[in-house]
Amino acid sequence: MTPSAIIKLRFIAFTEKARLKIVVTVKQIPDPNATLKLTSDNRLARDGEVVLDPGDEYGVEAALRIKEAADEAEVVLVSMGPAKAADAIRKGLSMGADRAIHISDDGLAGADALTTAQVLTAAIKGESPDLVVCGCESTDGSTGMVPPMIAELLGFPQLTFAKQVEVSGSKVTIQRQTDVGYDVVEADTPALITVTAGVGEPRYASLKGIMAARSKEVKKVGLGDLGVTRGKPAEEVLEVVEAEKRQAGEVIEDDGNAVEKIVALLAKVKAV
Amino acid sequence: MAKAAPARPEVKPLDFLDIDHLLQDEERMIRDTVRKFVHDRILPGIEGWFEKGVFPKEIAPELGRLGLLGMHLHGYGTLGVSATSYGLACLELEAGDSGFRSFVSVQGSLAMFPIWKYGSEEQKREWLPRMAAGEAIGCFGLTEPDSGSDPASMRTSARRSGGDWILNGNKLWITNGGIADLAVVWARAEDGIRGFVVPRGSKGYTTRDIHQKLSLRASVTSELILEDVRLPESAALPDVTGMRGPLSCLNEARYGILWGVVGAARTCYETALEYSKTRHQFGKPIASFQLTQEKLVNMLLELNKAALVAYHLGRMKDEGRLAAQHVSFGKLNNVREALEICRSARTILAANGITLEYPVIRHINNLESVLTYEGTSEIHTLVLGEAITGIQAYR
């Protein structure tokens, strides 16, 4: 081997190592601003307007900020959903993600959290990412179970409720949002993080981004491609019950100590 | 096997003819992006800007970053989106305020377009990327104090002086004039009407803003004064001579207007519809009265027809089948009907309709300008008259 070839190989090895790969899980959900309807088997009707889950927009935003702070990074979206999910994927690509994997299979309709996590994990494994970024929970199903399940299936440490994320070398450090402030938590990569709205307002899909998204790769895969067979659901939604109507408010008459009463009430509901 | 009964088609009060369905995904995304931008960045400030009579210049680079400036051109930092997408962006901007749509129209269609279409390679490289980014603002000097519908009667002159040009004259009603870094000025030369790129700071070139106006208040309108402005040959647009130059630019801008006004009308229709359902008189919402329903329905009809016209002309432009006369059709019909819709909305809001707390009177006042700029309704009527009779009635 000539010396120049060796240098070249080393260079490649170096860039391979420096390149940070971030996978973001994204989901398309019925427009939360519209009235949501249920089907007879307690599933959300998904025939109306659909949007990229606002929680996942924060995931994409967090990943893009990490990418911007890194020397070199790639942001890959992974989404499981029907053909319509392509819109949500395109939105994420328009915001700036580099490419996407769209898992679509008729055999996945009505998948529960565990099935969803298994399928997403299979796709994520194929990417060998340094970091997996998820929203804390989906805005429609809201089980909040999928990200921890993925972390477990991948064998990754998971850092949750991040309002700020920093990747340095092989460490990821987050500020974990709490009721009273935040904890600083660190883990080795590869790791999975879930992010809150604290990571920052999701950027606009600029027109330039929208145009660029046209030519970005969206790989379509089915269950067979991932080598996953769908097992029995681990859970079943038996009933969907509407929240109780709100009670009428309490009127506090000012008999001289109304301030104390209001303060006590606010403290009781942890508003102060 | 019996087929399942098809779902009952949905009727949407805010998109009655389901025009949304006619758009492509990318067009919808562009529309949504501009809509969100207007919601986040323009609506919160517009009452104040309109009342004070200022255009917030700091928004120009934001419009640039979003990709809205010269968005339908190709190369030199522009995006090259479809004409339909450009139209949708104009619609959403004008749903906010005609002043912002005017800014984008002037920058993209009147200032960037002539440089892009008729400019030298040097001019394109010098100006277009900065203009697309919103770092340089352009204006378009055609109209003069005594030369409006008949622009060929212009007095502004360009005469040769050695290898240079000397420009003299006044341009009036120039959108963006006072904040512009460059003006594309049209002047009479020996061989016909020529276009010139006049940078701010050129000796003898000054601007004066027009302040006492009750329309397009969130937009700068100015006079350009040219007194022996000496420009090098490289300032002249090399590739066009004659009225064809400025008229082709106006045709581009008018195309954006016929979309834009649908946005102003939509805002007023939505405002009136909502108001009529929540305002109670005689113990019931005023939407319960037949006269109010008739107003709302007439607004609905004309709003949807105007949107369909805009959409149709957009597709024709994308297919290269759009003639100037088609644009006249759209500008005449859509501005007229938009103004009528906004006025009708005003009667539903009654006194509330005249305050800046609601968008209605602002849109009415803005559309009073839009009705006559870029070709008055009268001129567009006569353009169409000529198109179908073959007889020119405006000379």
# chains A, B, ... in the order shown; residues from 1 in each chain; ligands from 1
$ select_by_dssp --residues "stretch 31-139 of chain B" --states "helix (DSSP H, G or I)" --output "MDAnalysis selection string"
chainID B and resid 31:52 59:66 83:96 98:118 121:132
$ write_last_selection --atoms "C-alpha atoms" --output "mmCIF file, in the first residue's frame"
data_model
loop_
_atom_site.group_PDB
_atom_site.id
_atom_site.type_symbol
_atom_site.label_atom_id
_atom_site.label_comp_id
_atom_site.auth_asym_id
_atom_site.auth_seq_id
_atom_site.Cartn_x
_atom_site.Cartn_y
_atom_site.Cartn_z
ATOM 1 C CA ARG B 31 -48.904 27.745 1.935
ATOM 2 C CA ASP B 32 -48.860 26.453 5.512
ATOM 3 C CA THR B 33 -45.374 27.807 6.100
ATOM 4 C CA VAL B 34 -46.325 31.284 4.915
ATOM 5 C CA ARG B 35 -49.592 31.127 6.872
ATOM 6 C CA LYS B 36 -47.696 30.271 10.038
ATOM 7 C CA PHE B 37 -45.187 33.039 9.420
ATOM 8 C CA VAL B 38 -48.001 35.563 8.954
ATOM 9 C CA HIS B 39 -49.673 34.310 12.114
ATOM 10 C CA ASP B 40 -46.466 34.489 14.157
ATOM 11 C CA ARG B 41 -44.705 37.521 12.746
ATOM 12 C CA ILE B 42 -47.189 39.810 11.009
ATOM 13 C CA LEU B 43 -50.542 39.568 12.798
ATOM 14 C CA PRO B 44 -49.196 40.389 16.276
ATOM 15 C CA GLY B 45 -47.755 43.704 15.067
ATOM 16 C CA ILE B 46 -49.966 44.757 12.197
ATOM 17 C CA GLU B 47 -52.444 46.916 14.124
ATOM 18 C CA GLY B 48 -49.621 49.013 15.511
ATOM 19 C CA TRP B 49 -47.680 49.254 12.243
ATOM 20 C CA PHE B 50 -50.807 50.249 10.354
ATOM 21 C CA GLU B 51 -51.786 52.822 12.950
ATOM 22 C CA LYS B 52 -48.293 54.357 13.133
ATOM 23 C CA ILE B 59 -38.948 41.739 8.646
ATOM 24 C CA ALA B 60 -37.361 41.952 5.180
ATOM 25 C CA PRO B 61 -34.469 39.549 5.976
ATOM 26 C CA GLU B 62 -36.955 37.193 7.613
ATOM 27 C CA LEU B 63 -38.988 37.138 4.414
ATOM 28 C CA GLY B 64 -35.714 36.457 2.629
ATOM 29 C CA ARG B 65 -34.726 33.591 4.912
ATOM 30 C CA LEU B 66 -38.148 32.084 4.415
ATOM 31 C CA ALA B 83 -46.359 30.090 -10.173
ATOM 32 C CA THR B 84 -49.129 28.457 -8.155
ATOM 33 C CA SER B 85 -46.914 28.293 -5.071
ATOM 34 C CA TYR B 86 -45.938 31.938 -5.549
ATOM 35 C CA GLY B 87 -49.631 32.797 -5.763
ATOM 36 C CA LEU B 88 -50.443 30.866 -2.599
ATOM 37 C CA ALA B 89 -47.689 32.723 -0.750
ATOM 38 C CA CYS B 90 -49.134 36.050 -1.943
ATOM 39 C CA LEU B 91 -52.582 34.950 -0.756
ATOM 40 C CA GLU B 92 -51.360 34.113 2.721
ATOM 41 C CA LEU B 93 -49.326 37.319 3.006
ATOM 42 C CA GLU B 94 -52.283 39.459 1.987
ATOM 43 C CA ALA B 95 -54.559 37.561 4.385
ATOM 44 C CA GLY B 96 -52.278 39.286 6.888
ATOM 45 C CA SER B 98 -51.749 43.999 1.660
ATOM 46 C CA GLY B 99 -48.680 46.010 2.688
ATOM 47 C CA PHE B 100 -46.585 42.873 3.113
ATOM 48 C CA ARG B 101 -47.846 41.305 -0.076
ATOM 49 C CA SER B 102 -47.041 44.589 -1.812
ATOM 50 C CA PHE B 103 -43.520 44.507 -0.400
ATOM 51 C CA VAL B 104 -42.976 40.981 -1.705
ATOM 52 C CA SER B 105 -44.603 41.776 -5.074
ATOM 53 C CA VAL B 106 -42.434 44.829 -5.596
ATOM 54 C CA GLN B 107 -39.242 43.137 -4.472
ATOM 55 C CA GLY B 108 -39.753 39.944 -6.472
ATOM 56 C CA SER B 109 -41.814 40.869 -9.502
ATOM 57 C CA LEU B 110 -40.993 44.525 -10.079
ATOM 58 C CA ALA B 111 -37.398 44.939 -8.910
ATOM 59 C CA MET B 112 -35.796 41.487 -9.122
ATOM 60 C CA PHE B 113 -37.700 40.315 -12.195
ATOM 61 C CA PRO B 114 -36.405 43.024 -14.604
ATOM 62 C CA ILE B 115 -32.822 42.489 -13.425
ATOM 63 C CA TRP B 116 -33.255 38.723 -13.739
ATOM 64 C CA LYS B 117 -34.939 38.957 -17.141
ATOM 65 C CA TYR B 118 -33.216 41.931 -18.804
ATOM 66 C CA GLU B 121 -24.725 38.915 -15.795
ATOM 67 C CA GLU B 122 -22.856 41.459 -13.688
ATOM 68 C CA GLN B 123 -26.091 43.143 -12.539
ATOM 69 C CA LYS B 124 -27.652 39.797 -11.692
ATOM 70 C CA ARG B 125 -24.688 38.714 -9.611
ATOM 71 C CA GLU B 126 -24.409 42.025 -7.866
ATOM 72 C CA TRP B 127 -28.041 42.408 -6.847
ATOM 73 C CA LEU B 128 -30.161 39.261 -7.019
ATOM 74 C CA PRO B 129 -28.632 37.160 -4.213
ATOM 75 C CA ARG B 130 -28.752 40.090 -1.777
ATOM 76 C CA MET B 131 -32.279 40.941 -2.835
ATOM 77 C CA ALA B 132 -33.411 37.317 -2.455
#
$ interface_residues --of "chain A" --to "chain B" --cutoff "10 Å" --atoms "only C-alpha atoms" --output "PyMOL selection string"
chain A and resi 86-87+90-91+94+204-214
$ residues_around --residues "stretch 222-224 of chain B" --least-positions-apart "2" --cutoff "6 Å" --atoms "only C-alpha atoms" --output "short mmCIF file (atom, residue, chain, number, x, y, z; two decimals) with N, CA, C and O atoms, in the first residue's frame"
data_model
loop_
_atom_site.label_atom_id
_atom_site.label_comp_id
_atom_site.auth_asym_id
_atom_site.auth_seq_id
_atom_site.Cartn_x
_atom_site.Cartn_y
_atom_site.Cartn_z
N ASN B 170 -39.15 62.81 -12.18
CA ASN B 170 -39.76 62.44 -10.91
C ASN B 170 -40.62 61.19 -11.07
O ASN B 170 -41.36 61.09 -12.05
N LYS B 171 -40.52 60.30 -10.10
CA LYS B 171 -41.39 59.11 -10.10
C LYS B 171 -42.23 59.19 -8.84
O LYS B 171 -41.72 59.53 -7.76
N LEU B 172 -43.52 58.85 -8.94
CA LEU B 172 -44.41 59.02 -7.79
C LEU B 172 -45.18 57.73 -7.50
O LEU B 172 -45.40 56.94 -8.41
N TRP B 173 -45.61 57.59 -6.24
CA TRP B 173 -46.37 56.42 -5.78
C TRP B 173 -45.52 55.16 -5.86
O TRP B 173 -45.96 54.12 -6.32
N ILE B 174 -44.27 55.29 -5.41
CA ILE B 174 -43.34 54.18 -5.55
C ILE B 174 -43.27 53.39 -4.23
O ILE B 174 -42.70 53.87 -3.24
N GLY B 177 -40.02 52.88 -2.00
CA GLY B 177 -39.05 53.89 -2.46
C GLY B 177 -38.09 54.36 -1.37
O GLY B 177 -36.87 54.30 -1.55
N GLY B 178 -38.64 54.80 -0.24
CA GLY B 178 -37.82 55.40 0.80
C GLY B 178 -36.89 54.44 1.51
O GLY B 178 -35.93 54.86 2.16
N THR B 207 -35.16 60.54 -2.29
CA THR B 207 -36.53 60.04 -2.18
C THR B 207 -37.26 60.83 -1.09
O THR B 207 -36.63 61.37 -0.18
N ARG B 208 -38.55 60.90 -1.21
CA ARG B 208 -39.38 61.58 -0.21
C ARG B 208 -40.62 60.72 0.03
O ARG B 208 -41.34 60.38 -0.92
N ASP B 209 -40.83 60.34 1.30
CA ASP B 209 -41.97 59.45 1.60
C ASP B 209 -43.27 60.23 1.65
O ASP B 209 -43.30 61.39 2.05
N ILE B 210 -44.35 59.55 1.24
CA ILE B 210 -45.68 60.14 1.30
C ILE B 210 -46.32 59.67 2.60
O ILE B 210 -46.48 58.47 2.82
#
$ residues_around --residues "B:Gly195" --least-positions-apart "4" --cutoff "12 Å" --atoms "only C-alpha atoms" --output "PyMOL selection string"
chain B and resi 110-111+114-115+117-120+140-142+156-158+165+167+183-189+231+233-247+249
$ residues_around --residues "A:Glu152" --least-positions-apart "4" --cutoff "12 Å" --atoms "only C-alpha atoms" --output "ChimeraX atom specification"
/A:114,117-118,121,145-148,156-159,191-192
$ residues_around --residues "A:Leu154" --least-positions-apart "3" --cutoff "9 Å" --atoms "only C-alpha atoms" --output "CSV table (one decimal) with N, CA and C atoms, in the first residue's frame"
chain,number,residue,atom,x,y,z
A,121,THR,N,-37.6,-0.2,16.4
A,121,THR,CA,-36.3,-0.7,16.9
A,121,THR,C,-35.6,-1.4,15.7
A,122,ALA,N,-36.4,-2.2,15.0
A,122,ALA,CA,-35.7,-3.0,13.9
A,122,ALA,C,-35.2,-2.0,12.9
A,124,ILE,N,-34.3,1.2,13.4
A,124,ILE,CA,-33.3,2.0,14.0
A,124,ILE,C,-32.0,1.2,14.1
A,125,LYS,N,-32.1,-0.1,14.4
A,125,LYS,CA,-30.9,-1.0,14.5
A,125,LYS,C,-30.1,-0.9,13.2
A,149,MET,N,-39.5,1.8,25.6
A,149,MET,CA,-39.5,0.4,25.1
A,149,MET,C,-38.3,0.3,24.0
A,150,ILE,N,-38.2,1.3,23.2
A,150,ILE,CA,-37.2,1.3,22.1
A,150,ILE,C,-35.8,1.3,22.8
A,151,ALA,N,-35.6,2.1,23.8
A,151,ALA,CA,-34.3,2.1,24.5
A,151,ALA,C,-34.0,0.8,25.1
A,157,PRO,N,-28.9,3.4,27.0
A,157,PRO,CA,-29.4,4.2,28.2
A,157,PRO,C,-30.4,5.2,27.7
$ closest_residue --among "A:Asp71, A:Asp225, A:Glu250, A:Asp183" --to "A:Ile103" --atoms "only C-alpha atoms"
A:Asp225
$ select_by_dssp --residues "stretch 48-200 of chain B" --states "strand (DSSP E)" --output "PyMOL selection string"
chain B and resi 138-141+157-161+164-175+182-189+192-199
$ residues_around --residues "A:Ile193" --least-positions-apart "6" --cutoff "12 Å" --atoms "only C-alpha atoms" --output "PyMOL selection string"
chain A and resi 22-25+58-59+62-63+130-137+146-148+150-151+156-167+172-176+185-187+199
$ atom_distance --atom1 "atom CA of A:Leu93" --atom2 "atom CA of A:Thr115"
25.4 Å
